[in-house]
Amino acid sequence: MNAASYSAAVPRSTFQSLDRKFSPSSSGIPSLVRVNCRPDCNKSTSQASLFLSLGSNNGRKGMLGGASSWDTHARRNLIGQTSYSVTTTFGGVATESPSHVAEEKVGILLLNLGGPETLNDVQPFLFNLFADPDIIRLPRLFRFLQRPLAKLISVLRAPKSKEGYAAIGGGSPLRKITDDQALALKEALDAKGLSSNVYVGMRYWYPFTEEAIKRDGITRLVVLPLYPQFSISTTGSSIRVLQHMFREDAYLSKLPVSIINSWYQRQGYIKSMADLIEKELQSFSEPEEAMIFFSAHGVPVSYVEDAGDPYRDQMEECIYLIMQELEARGINNEHTLAYQSRVGPVQWLKPYTDETLVELGQKGVRSLLAVPVSFVSEHIETLEEIDMEYRELALESGIKNWARVPALGLTPSFITDLADAVIEALPHAKAMYASTSTSEEEEEHDPLRYLVKMFFGSILAFILFLSPKMITAFRNLI
């Protein structure tokens with residue numbers, strides 16, 4: 001069995017820094033849905049029992065306290081030889097792992113971004129997204145403006161976003177695909193002799209609840225974000241909200257939990273990606289002439305350079321491992337990596353996908369195979385941004401032959417590898433429990449300090465928002 005690969009590969013000091021620089025979203029708790037497959041069910045969500053409860057307006061604040069330590073020891077060699085060990089604690093001493101995991105009631109929580117299911121959902125979804133301080137970072141003095149700013153941006157961006165969702169059928173397919181992946185994962189675990197309940201948690205959409213885990217009496221939980229590479233803005237944001245949720249609940253705080261922070265280096269994932277690329281290359285009349293174009297979701301440069309986000313390093317290593325696997329199969333096509341989906345006036349990771357496509361066309365590249373490497377499910381950034389916007393741009397730039405590798409979705413080898421990752425992670429589950437309140441939480445209970453901060457913050461914000469530079473930046477953002 002491959003060694004457990006569930007480390008974010010981030011030193012402890014980095015995560016302590018992240019805890020200081022980033023606050024969790026006040027827009028809600030990740031949504032959970034239990035997927036319980038009946039004996040006669042197939043991979044359709046219509047055949048599954050979905051248990052939802054408790055809406056997002058539960059009045060909870062999104063503050064996360066307590067220290068998070070991620071003690072990682074990694075040895076990176078060839079595919080299949082990567083060895084990782086991780087200890088994760090949340091403000092307390094880890095509990096001992098039982099020797100017979102099969103006797104427990106195991107839960108698996110799949111984390112994903114979420115997406116609007118109808119056009120009417122677009123604006124509130126955007127509000128949840130921009131209300132997350134991991135998406136829009138405001139100085140601490142201005143954090144009280146987070147929600148009003150999110151409201152304004154979501155209203156202004158909604159019309160354009162609705163056009164994109166209308167182009168792919170009127171809503172995001174992410175929820176259904178993730179539910180299908182949950183069912184497939186449950187079946188794969190059943191086949192390996194592990195009975196489990198599988199839950200789906202959406203970061204920015206419904207139904208925000210943790211009650212299903214408690215109601216089902218789960219005794220051990222594995223948290224599996226469906227993001228291969230770790231980033232502050234994806235896995236990090238969701239985990240911080242989970243920390244807060246678990247710390248405040250007497251039952252959940254004692255529940256042993258194992259978090260698989262990243263899995264881009266797992267052999268099953270690498271080989272599954274190589275299989276899809278190898279198959280899609282055959283759609284070209286001259287497969288060896290096609291350039292393999294990896295397009296990953298971008299993050300602001302400040303996340304990497306200032307906050308120590310490992311996303312760029314993990315992405316580059318991921319591309320290296322995939323190409324290494326392809327070369328072992330005799331596939332030696334040229335390749336490149338670029339980053340898509342940037343918004344706002346700040347600098348994002350380069351090179352940018354749109355600019356790179358134009359440059360490749362100018363350099364004489366005529367066949368291009370697009371690979372959405374940071375996505376395991378089809379959604380607006382693959383179906384509309386890559387398949388429509390980038391395809392049109394590539395053809396206009398002189399690229400004659402275009403193809404795109406599908407997202408992994410329900411690829412059997414991928415699902416099987418996720419099941420293996422869950423089984424490997426189970427013995428590492430540690431309990432979370434309540435810790436002392438943070439300084440930010442104490443400030444919220446000091447009315448005088450809060451009013452002073454609001455007063456001076458409002459004056460500075462008023463001056464800032466009237467400045468020509470801010471007006472120009474805001475126009476770029478929307």
# chains A, B, ... in the order shown; residues from 1 in each chain; ligands from 1
call {"tool": "select_by_dssp", "arguments": {"residues": "region 335-378 of chain A", "states": "alpha helix (DSSP H)", "output": "number ranges by chain"}}
result
A: 353-362
call {"tool": "residues_around", "arguments": {"residues": "region 399-408 of chain A", "least_positions_apart": "2", "cutoff": "8 Å", "atoms": "only C-alpha atoms", "output": "PyMOL selection string"}}
result
chain A and resi 272-273+276-277+280+283-284+360-361+364-372+375-378+387+391+394-397+410-411+414
call {"tool": "atom_distance", "arguments": {"atom1": "CA of Arg312 (chain A)", "atom2": "CA of Leu349 (chain A)"}}
result
8.0 Å
call {"tool": "closest_residue", "arguments": {"among": "A:Glu325, A:Glu334, A:Asp275, A:Glu355", "to": "Met291 (chain A)", "atoms": "only C-alpha atoms"}}
result
A:Glu334
call {"tool": "atom_distance", "arguments": {"atom1": "CA of Glu385 (chain A)", "atom2": "CA of Ile331 (chain A)"}}
result
27.6 Å
call {"tool": "closest_residue", "arguments": {"among": "A:Gln229, A:Thr118, A:Ser195, A:Ser161", "to": "Pro173 (chain A)", "atoms": "only C-alpha atoms"}}
result
A:Thr118
call {"tool": "closest_residue", "arguments": {"among": "A:Leu189, A:Leu129, A:Leu141, A:Leu156", "to": "Ile423 (chain A)", "atoms": "only C-alpha atoms"}}
result
A:Leu189
call {"tool": "closest_residue", "arguments": {"among": "A:Lys151, A:His335, A:Lys105, A:Lys160", "to": "Phe294 (chain A)", "atoms": "only C-alpha atoms"}}
result
A:His335
call {"tool": "select_by_dssp", "arguments": {"residues": "region 176-335 of chain A", "states": "strand (DSSP E)", "output": "compact mmCIF listing (two decimals) with N, CA, C and O atoms, in the first residue's frame"}}
result
# COMPACT_ATOMS: atom_id res chain seq x y z
N SER A 196 -19.15 3.04 5.69
CA SER A 196 -18.99 4.44 6.08
C SER A 196 -20.19 5.26 5.64
O SER A 196 -20.98 4.85 4.80
N ASN A 197 -20.33 6.42 6.25
CA ASN A 197 -21.26 7.45 5.79
C ASN A 197 -20.43 8.54 5.11
O ASN A 197 -19.44 9.01 5.68
N VAL A 198 -20.83 8.94 3.92
CA VAL A 198 -20.11 9.96 3.17
C VAL A 198 -20.95 11.22 3.12
O VAL A 198 -22.14 11.17 2.80
N TYR A 199 -20.33 12.35 3.46
CA TYR A 199 -21.01 13.65 3.49
C TYR A 199 -20.36 14.59 2.48
O TYR A 199 -19.18 14.44 2.16
N VAL A 200 -21.13 15.55 2.01
CA VAL A 200 -20.62 16.56 1.10
C VAL A 200 -20.75 17.92 1.78
O VAL A 200 -21.84 18.27 2.25
N GLY A 201 -19.67 18.66 1.86
CA GLY A 201 -19.68 19.99 2.47
C GLY A 201 -19.31 21.05 1.46
O GLY A 201 -18.22 21.03 0.90
N MET A 202 -20.23 21.99 1.19
CA MET A 202 -19.97 23.07 0.24
C MET A 202 -19.60 24.34 1.00
O MET A 202 -20.31 24.74 1.92
N ARG A 220 -15.49 8.50 14.10
CA ARG A 220 -14.19 8.83 13.49
C ARG A 220 -14.46 9.44 12.12
O ARG A 220 -15.24 8.90 11.35
N LEU A 221 -13.82 10.57 11.85
CA LEU A 221 -14.12 11.33 10.63
C LEU A 221 -12.85 11.60 9.84
O LEU A 221 -11.83 11.99 10.40
N VAL A 222 -12.95 11.41 8.52
CA VAL A 222 -11.88 11.80 7.60
C VAL A 222 -12.38 12.96 6.75
O VAL A 222 -13.43 12.85 6.12
N VAL A 223 -11.66 14.06 6.76
CA VAL A 223 -12.01 15.23 5.96
C VAL A 223 -11.16 15.21 4.69
O VAL A 223 -9.93 15.22 4.75
N LEU A 224 -11.84 15.18 3.54
CA LEU A 224 -11.15 15.06 2.25
C LEU A 224 -11.57 16.20 1.33
O LEU A 224 -12.60 16.14 0.66
N PRO A 225 -10.80 17.29 1.27
CA PRO A 225 -11.09 18.36 0.32
C PRO A 225 -10.88 17.87 -1.11
O PRO A 225 -9.89 17.18 -1.39
N PRO A 256 -12.55 12.22 16.89
CA PRO A 256 -11.27 12.08 16.19
C PRO A 256 -11.43 12.39 14.70
O PRO A 256 -12.28 11.83 14.03
N VAL A 257 -10.58 13.29 14.21
CA VAL A 257 -10.67 13.76 12.83
C VAL A 257 -9.30 13.69 12.17
O VAL A 257 -8.29 14.05 12.78
N SER A 258 -9.27 13.21 10.94
CA SER A 258 -8.05 13.21 10.14
C SER A 258 -8.31 14.03 8.88
O SER A 258 -9.31 13.79 8.19
N ILE A 259 -7.45 14.98 8.59
CA ILE A 259 -7.64 15.88 7.45
C ILE A 259 -6.58 15.57 6.39
O ILE A 259 -5.38 15.62 6.65
N MET A 291 0.78 20.52 -28.05
CA MET A 291 1.33 20.99 -26.78
C MET A 291 0.33 20.71 -25.67
O MET A 291 -0.87 20.96 -25.83
N ILE A 292 0.82 20.21 -24.55
CA ILE A 292 -0.04 19.95 -23.39
C ILE A 292 -0.08 21.24 -22.56
O ILE A 292 0.96 21.68 -22.03
N PHE A 293 -1.26 21.83 -22.44
CA PHE A 293 -1.42 23.14 -21.82
C PHE A 293 -2.16 22.98 -20.50
O PHE A 293 -3.38 22.85 -20.46
N PHE A 294 -1.41 22.97 -19.39
CA PHE A 294 -2.01 22.86 -18.06
C PHE A 294 -2.53 24.24 -17.63
O PHE A 294 -1.77 25.21 -17.61
N SER A 295 -3.82 24.31 -17.31
CA SER A 295 -4.40 25.56 -16.83
C SER A 295 -4.93 25.33 -15.41
O SER A 295 -5.81 24.49 -15.19
N ALA A 296 -4.37 26.07 -14.47
CA ALA A 296 -4.75 25.92 -13.06
C ALA A 296 -5.43 27.19 -12.58
O ALA A 296 -5.18 28.28 -13.10
N HIS A 297 -6.28 27.05 -11.59
CA HIS A 297 -6.90 28.23 -10.99
C HIS A 297 -5.82 29.05 -10.29
O HIS A 297 -4.98 28.52 -9.59
N HIS A 335 5.10 20.95 -23.00
CA HIS A 335 4.03 21.32 -22.09
C HIS A 335 4.31 22.67 -21.46
O HIS A 335 5.45 23.15 -21.47
call {"tool": "residues_around", "arguments": {"residues": "Ile319 (chain A)", "least_positions_apart": "3", "cutoff": "10 Å", "atoms": "only C-alpha atoms", "output": "list in words"}}
result
Tyr264, Gln265, Ile270, Phe294, Gln314, Met315, Glu316, Ile322, Met323, Gln324, Glu325, His335, Thr336, Leu337 and Val373 of chain A
call {"tool": "write_last_selection", "arguments": {"atoms": "N, CA, C and O atoms", "output": "mmCIF file, in the first residue's frame"}}
result
data_model
loop_
_atom_site.group_PDB
_atom_site.id
_atom_site.type_symbol
_atom_site.label_atom_id
_atom_site.label_comp_id
_atom_site.auth_asym_id
_atom_site.auth_seq_id
_atom_site.Cartn_x
_atom_site.Cartn_y
_atom_site.Cartn_z
ATOM 1 N N TYR A 264 -2.139 15.729 -4.406
ATOM 2 C CA TYR A 264 -1.707 15.859 -5.796
ATOM 3 C C TYR A 264 -0.579 14.898 -6.146
ATOM 4 O O TYR A 264 -0.342 14.597 -7.317
ATOM 5 N N GLN A 265 0.160 14.428 -5.126
ATOM 6 C CA GLN A 265 1.320 13.574 -5.377
ATOM 7 C C GLN A 265 0.992 12.087 -5.313
ATOM 8 O O GLN A 265 1.869 11.248 -5.501
ATOM 9 N N ILE A 270 -2.024 10.824 -10.102
ATOM 10 C CA ILE A 270 -1.088 11.102 -11.191
ATOM 11 C C ILE A 270 -1.364 10.196 -12.390
ATOM 12 O O ILE A 270 -1.433 10.647 -13.545
ATOM 13 N N PHE A 294 -1.414 22.970 -19.393
ATOM 14 C CA PHE A 294 -2.011 22.860 -18.062
ATOM 15 C C PHE A 294 -2.529 24.236 -17.635
ATOM 16 O O PHE A 294 -1.771 25.214 -17.605
ATOM 17 N N GLN A 314 3.261 23.283 -5.015
ATOM 18 C CA GLN A 314 2.573 22.004 -5.188
ATOM 19 C C GLN A 314 2.089 21.832 -6.622
ATOM 20 O O GLN A 314 2.126 20.723 -7.168
ATOM 21 N N MET A 315 1.618 22.923 -7.238
ATOM 22 C CA MET A 315 1.159 22.833 -8.617
ATOM 23 C C MET A 315 2.306 22.488 -9.558
ATOM 24 O O MET A 315 2.175 21.626 -10.445
ATOM 25 N N GLU A 316 3.432 23.141 -9.377
ATOM 26 C CA GLU A 316 4.578 22.862 -10.248
ATOM 27 C C GLU A 316 5.080 21.433 -10.058
ATOM 28 O O GLU A 316 5.461 20.766 -11.026
ATOM 29 N N ILE A 322 3.144 14.455 -13.306
ATOM 30 C CA ILE A 322 2.312 13.998 -14.424
ATOM 31 C C ILE A 322 3.157 13.819 -15.680
ATOM 32 O O ILE A 322 3.047 12.797 -16.382
ATOM 33 N N MET A 323 4.017 14.782 -15.969
ATOM 34 C CA MET A 323 4.854 14.671 -17.166
ATOM 35 C C MET A 323 5.857 13.534 -17.027
ATOM 36 O O MET A 323 6.194 12.873 -18.013
ATOM 37 N N GLN A 324 6.325 13.295 -15.816
ATOM 38 C CA GLN A 324 7.229 12.167 -15.584
ATOM 39 C C GLN A 324 6.528 10.847 -15.903
ATOM 40 O O GLN A 324 7.112 9.945 -16.516
ATOM 41 N N GLU A 325 5.263 10.744 -15.492
ATOM 42 C CA GLU A 325 4.483 9.542 -15.790
ATOM 43 C C GLU A 325 4.253 9.392 -17.294
ATOM 44 O O GLU A 325 4.353 8.288 -17.848
ATOM 45 N N HIS A 335 5.105 20.948 -23.003
ATOM 46 C CA HIS A 335 4.025 21.315 -22.094
ATOM 47 C C HIS A 335 4.308 22.670 -21.464
ATOM 48 O O HIS A 335 5.455 23.151 -21.469
ATOM 49 N N THR A 336 3.272 23.272 -20.933
ATOM 50 C CA THR A 336 3.415 24.539 -20.212
ATOM 51 C C THR A 336 2.313 24.651 -19.178
ATOM 52 O O THR A 336 1.298 23.944 -19.261
ATOM 53 N N LEU A 337 2.511 25.536 -18.205
ATOM 54 C CA LEU A 337 1.537 25.762 -17.130
ATOM 55 C C LEU A 337 1.176 27.232 -17.085
ATOM 56 O O LEU A 337 2.050 28.099 -17.178
ATOM 57 N N VAL A 373 -5.963 21.271 -14.523
ATOM 58 C CA VAL A 373 -5.248 20.426 -13.571
ATOM 59 C C VAL A 373 -5.682 20.634 -12.128
ATOM 60 O O VAL A 373 -5.468 19.749 -11.282
#
call {"tool": "atom_distance", "arguments": {"atom1": "CA of Gln181 (chain A)", "atom2": "CA of Leu194 (chain A)"}}
result
16.7 Å
call {"tool": "closest_residue", "arguments": {"among": "A:Val106, A:Ala158, A:Val343, A:Leu145", "to": "Phe125 (chain A)", "atoms": "only C-alpha atoms"}}
result
A:Ala158
call {"tool": "decode", "arguments": {"residues": "region 244-257 of chain A", "atoms": "all heavy atoms", "output": "PDB file, in the first residue's frame"}}
result
ATOM      1  N   HIS A 244     -13.588  26.093  13.794  1.00  0.00           N
ATOM      2  CA  HIS A 244     -14.504  26.881  14.612  1.00  0.00           C
ATOM      3  C   HIS A 244     -15.754  26.076  14.953  1.00  0.00           C
ATOM      4  O   HIS A 244     -16.206  26.050  16.098  1.00  0.00           O
ATOM      5  CB  HIS A 244     -14.892  28.150  13.852  1.00  0.00           C
ATOM      6  CG  HIS A 244     -15.974  28.949  14.528  1.00  0.00           C
ATOM      7  ND1 HIS A 244     -15.787  29.579  15.733  1.00  0.00           N
ATOM      8  CD2 HIS A 244     -17.255  29.195  14.152  1.00  0.00           C
ATOM      9  CE1 HIS A 244     -16.902  30.197  16.081  1.00  0.00           C
ATOM     10  NE2 HIS A 244     -17.808  29.970  15.142  1.00  0.00           N
ATOM     11  N   MET A 245     -16.314  25.413  13.966  1.00  0.00           N
ATOM     12  CA  MET A 245     -17.517  24.625  14.157  1.00  0.00           C
ATOM     13  C   MET A 245     -17.302  23.534  15.198  1.00  0.00           C
ATOM     14  O   MET A 245     -18.114  23.338  16.109  1.00  0.00           O
ATOM     15  CB  MET A 245     -17.932  23.990  12.822  1.00  0.00           C
ATOM     16  CG  MET A 245     -19.148  23.086  12.902  1.00  0.00           C
ATOM     17  SD  MET A 245     -19.253  21.980  11.472  1.00  0.00           S
ATOM     18  CE  MET A 245     -19.240  23.154  10.127  1.00  0.00           C
ATOM     19  N   PHE A 246     -16.190  22.829  15.080  1.00  0.00           N
ATOM     20  CA  PHE A 246     -15.927  21.712  15.982  1.00  0.00           C
ATOM     21  C   PHE A 246     -15.559  22.197  17.381  1.00  0.00           C
ATOM     22  O   PHE A 246     -15.909  21.563  18.368  1.00  0.00           O
ATOM     23  CB  PHE A 246     -14.806  20.831  15.414  1.00  0.00           C
ATOM     24  CG  PHE A 246     -15.282  19.852  14.378  1.00  0.00           C
ATOM     25  CD1 PHE A 246     -15.976  20.281  13.258  1.00  0.00           C
ATOM     26  CD2 PHE A 246     -15.043  18.504  14.524  1.00  0.00           C
ATOM     27  CE1 PHE A 246     -16.420  19.385  12.309  1.00  0.00           C
ATOM     28  CE2 PHE A 246     -15.482  17.590  13.573  1.00  0.00           C
ATOM     29  CZ  PHE A 246     -16.166  18.038  12.462  1.00  0.00           C
ATOM     30  N   ARG A 247     -14.843  23.314  17.462  1.00  0.00           N
ATOM     31  CA  ARG A 247     -14.408  23.798  18.763  1.00  0.00           C
ATOM     32  C   ARG A 247     -15.595  24.193  19.633  1.00  0.00           C
ATOM     33  O   ARG A 247     -15.559  24.067  20.852  1.00  0.00           O
ATOM     34  CB  ARG A 247     -13.468  24.995  18.576  1.00  0.00           C
ATOM     35  CG  ARG A 247     -12.765  25.423  19.873  1.00  0.00           C
ATOM     36  CD  ARG A 247     -11.948  26.688  19.674  1.00  0.00           C
ATOM     37  NE  ARG A 247     -12.784  27.851  19.439  1.00  0.00           N
ATOM     38  CZ  ARG A 247     -12.787  28.561  18.318  1.00  0.00           C
ATOM     39  NH1 ARG A 247     -12.025  28.180  17.310  1.00  0.00           N
ATOM     40  NH2 ARG A 247     -13.566  29.617  18.193  1.00  0.00           N
ATOM     41  N   GLU A 248     -16.663  24.697  19.009  1.00  0.00           N
ATOM     42  CA  GLU A 248     -17.809  25.199  19.772  1.00  0.00           C
ATOM     43  C   GLU A 248     -18.796  24.110  20.167  1.00  0.00           C
ATOM     44  O   GLU A 248     -19.712  24.374  20.927  1.00  0.00           O
ATOM     45  CB  GLU A 248     -18.548  26.264  18.946  1.00  0.00           C
ATOM     46  CG  GLU A 248     -17.804  27.572  18.837  1.00  0.00           C
ATOM     47  CD  GLU A 248     -18.707  28.680  18.331  1.00  0.00           C
ATOM     48  OE1 GLU A 248     -19.724  28.369  17.677  1.00  0.00           O
ATOM     49  OE2 GLU A 248     -18.402  29.853  18.598  1.00  0.00           O
ATOM     50  N   ASP A 249     -18.649  22.899  19.628  1.00  0.00           N
ATOM     51  CA  ASP A 249     -19.615  21.840  19.868  1.00  0.00           C
ATOM     52  C   ASP A 249     -19.006  20.759  20.759  1.00  0.00           C
ATOM     53  O   ASP A 249     -17.932  20.226  20.460  1.00  0.00           O
ATOM     54  CB  ASP A 249     -20.071  21.241  18.533  1.00  0.00           C
ATOM     55  CG  ASP A 249     -21.215  20.271  18.693  1.00  0.00           C
ATOM     56  OD1 ASP A 249     -20.953  19.104  19.075  1.00  0.00           O
ATOM     57  OD2 ASP A 249     -22.374  20.654  18.431  1.00  0.00           O
ATOM     58  N   ALA A 250     -19.691  20.424  21.843  1.00  0.00           N
ATOM     59  CA  ALA A 250     -19.160  19.455  22.811  1.00  0.00           C
ATOM     60  C   ALA A 250     -18.927  18.087  22.184  1.00  0.00           C
ATOM     61  O   ALA A 250     -17.948  17.403  22.502  1.00  0.00           O
ATOM     62  CB  ALA A 250     -20.108  19.342  24.006  1.00  0.00           C
ATOM     63  N   TYR A 251     -19.835  17.670  21.298  1.00  0.00           N
ATOM     64  CA  TYR A 251     -19.698  16.353  20.650  1.00  0.00           C
ATOM     65  C   TYR A 251     -18.576  16.369  19.618  1.00  0.00           C
ATOM     66  O   TYR A 251     -17.670  15.518  19.629  1.00  0.00           O
ATOM     67  CB  TYR A 251     -21.019  15.965  19.992  1.00  0.00           C
ATOM     68  CG  TYR A 251     -20.966  14.675  19.186  1.00  0.00           C
ATOM     69  CD1 TYR A 251     -21.216  13.441  19.788  1.00  0.00           C
ATOM     70  CD2 TYR A 251     -20.683  14.685  17.830  1.00  0.00           C
ATOM     71  CE1 TYR A 251     -21.166  12.263  19.052  1.00  0.00           C
ATOM     72  CE2 TYR A 251     -20.624  13.528  17.086  1.00  0.00           C
ATOM     73  CZ  TYR A 251     -20.871  12.311  17.693  1.00  0.00           C
ATOM     74  OH  TYR A 251     -20.829  11.149  16.961  1.00  0.00           O
ATOM     75  N   LEU A 252     -18.623  17.359  18.727  1.00  0.00           N
ATOM     76  CA  LEU A 252     -17.663  17.398  17.630  1.00  0.00           C
ATOM     77  C   LEU A 252     -16.245  17.678  18.112  1.00  0.00           C
ATOM     78  O   LEU A 252     -15.280  17.226  17.506  1.00  0.00           O
ATOM     79  CB  LEU A 252     -18.087  18.452  16.609  1.00  0.00           C
ATOM     80  CG  LEU A 252     -19.417  18.192  15.891  1.00  0.00           C
ATOM     81  CD1 LEU A 252     -19.777  19.373  15.001  1.00  0.00           C
ATOM     82  CD2 LEU A 252     -19.350  16.913  15.070  1.00  0.00           C
ATOM     83  N   SER A 253     -16.105  18.423  19.198  1.00  0.00           N
ATOM     84  CA  SER A 253     -14.769  18.769  19.685  1.00  0.00           C
ATOM     85  C   SER A 253     -13.982  17.548  20.136  1.00  0.00           C
ATOM     86  O   SER A 253     -12.752  17.574  20.161  1.00  0.00           O
ATOM     87  CB  SER A 253     -14.876  19.771  20.834  1.00  0.00           C
ATOM     88  OG  SER A 253     -15.515  19.181  21.960  1.00  0.00           O
ATOM     89  N   LYS A 254     -14.677  16.480  20.504  1.00  0.00           N
ATOM     90  CA  LYS A 254     -13.998  15.259  20.955  1.00  0.00           C
ATOM     91  C   LYS A 254     -13.935  14.186  19.868  1.00  0.00           C
ATOM     92  O   LYS A 254     -13.404  13.103  20.086  1.00  0.00           O
ATOM     93  CB  LYS A 254     -14.716  14.703  22.189  1.00  0.00           C
ATOM     94  CG  LYS A 254     -14.674  15.625  23.400  1.00  0.00           C
ATOM     95  CD  LYS A 254     -15.420  15.022  24.578  1.00  0.00           C
ATOM     96  CE  LYS A 254     -15.306  15.902  25.805  1.00  0.00           C
ATOM     97  NZ  LYS A 254     -15.881  17.247  25.604  1.00  0.00           N
ATOM     98  N   LEU A 255     -14.504  14.492  18.698  1.00  0.00           N
ATOM     99  CA  LEU A 255     -14.532  13.518  17.604  1.00  0.00           C
ATOM    100  C   LEU A 255     -13.154  13.414  16.954  1.00  0.00           C
ATOM    101  O   LEU A 255     -12.609  14.422  16.490  1.00  0.00           O
ATOM    102  CB  LEU A 255     -15.567  13.953  16.560  1.00  0.00           C
ATOM    103  CG  LEU A 255     -15.692  13.082  15.310  1.00  0.00           C
ATOM    104  CD1 LEU A 255     -16.226  11.698  15.680  1.00  0.00           C
ATOM    105  CD2 LEU A 255     -16.617  13.756  14.298  1.00  0.00           C
ATOM    106  N   PRO A 256     -12.550  12.224  16.885  1.00  0.00           N
ATOM    107  CA  PRO A 256     -11.266  12.078  16.192  1.00  0.00           C
ATOM    108  C   PRO A 256     -11.427  12.392  14.702  1.00  0.00           C
ATOM    109  O   PRO A 256     -12.279  11.830  14.026  1.00  0.00           O
ATOM    110  CB  PRO A 256     -10.905  10.598  16.411  1.00  0.00           C
ATOM    111  CG  PRO A 256     -11.682  10.195  17.623  1.00  0.00           C
ATOM    112  CD  PRO A 256     -12.968  10.963  17.538  1.00  0.00           C
ATOM    113  N   VAL A 257     -10.581  13.295  14.208  1.00  0.00           N
ATOM    114  CA  VAL A 257     -10.669  13.763  12.831  1.00  0.00           C
ATOM    115  C   VAL A 257      -9.301  13.688  12.174  1.00  0.00           C
ATOM    116  O   VAL A 257      -8.291  14.049  12.775  1.00  0.00           O
ATOM    117  CB  VAL A 257     -11.185  15.216  12.765  1.00  0.00           C
ATOM    118  CG1 VAL A 257     -11.256  15.701  11.323  1.00  0.00           C
ATOM    119  CG2 VAL A 257     -12.548  15.342  13.430  1.00  0.00           C
TER     120      VAL A 257
END
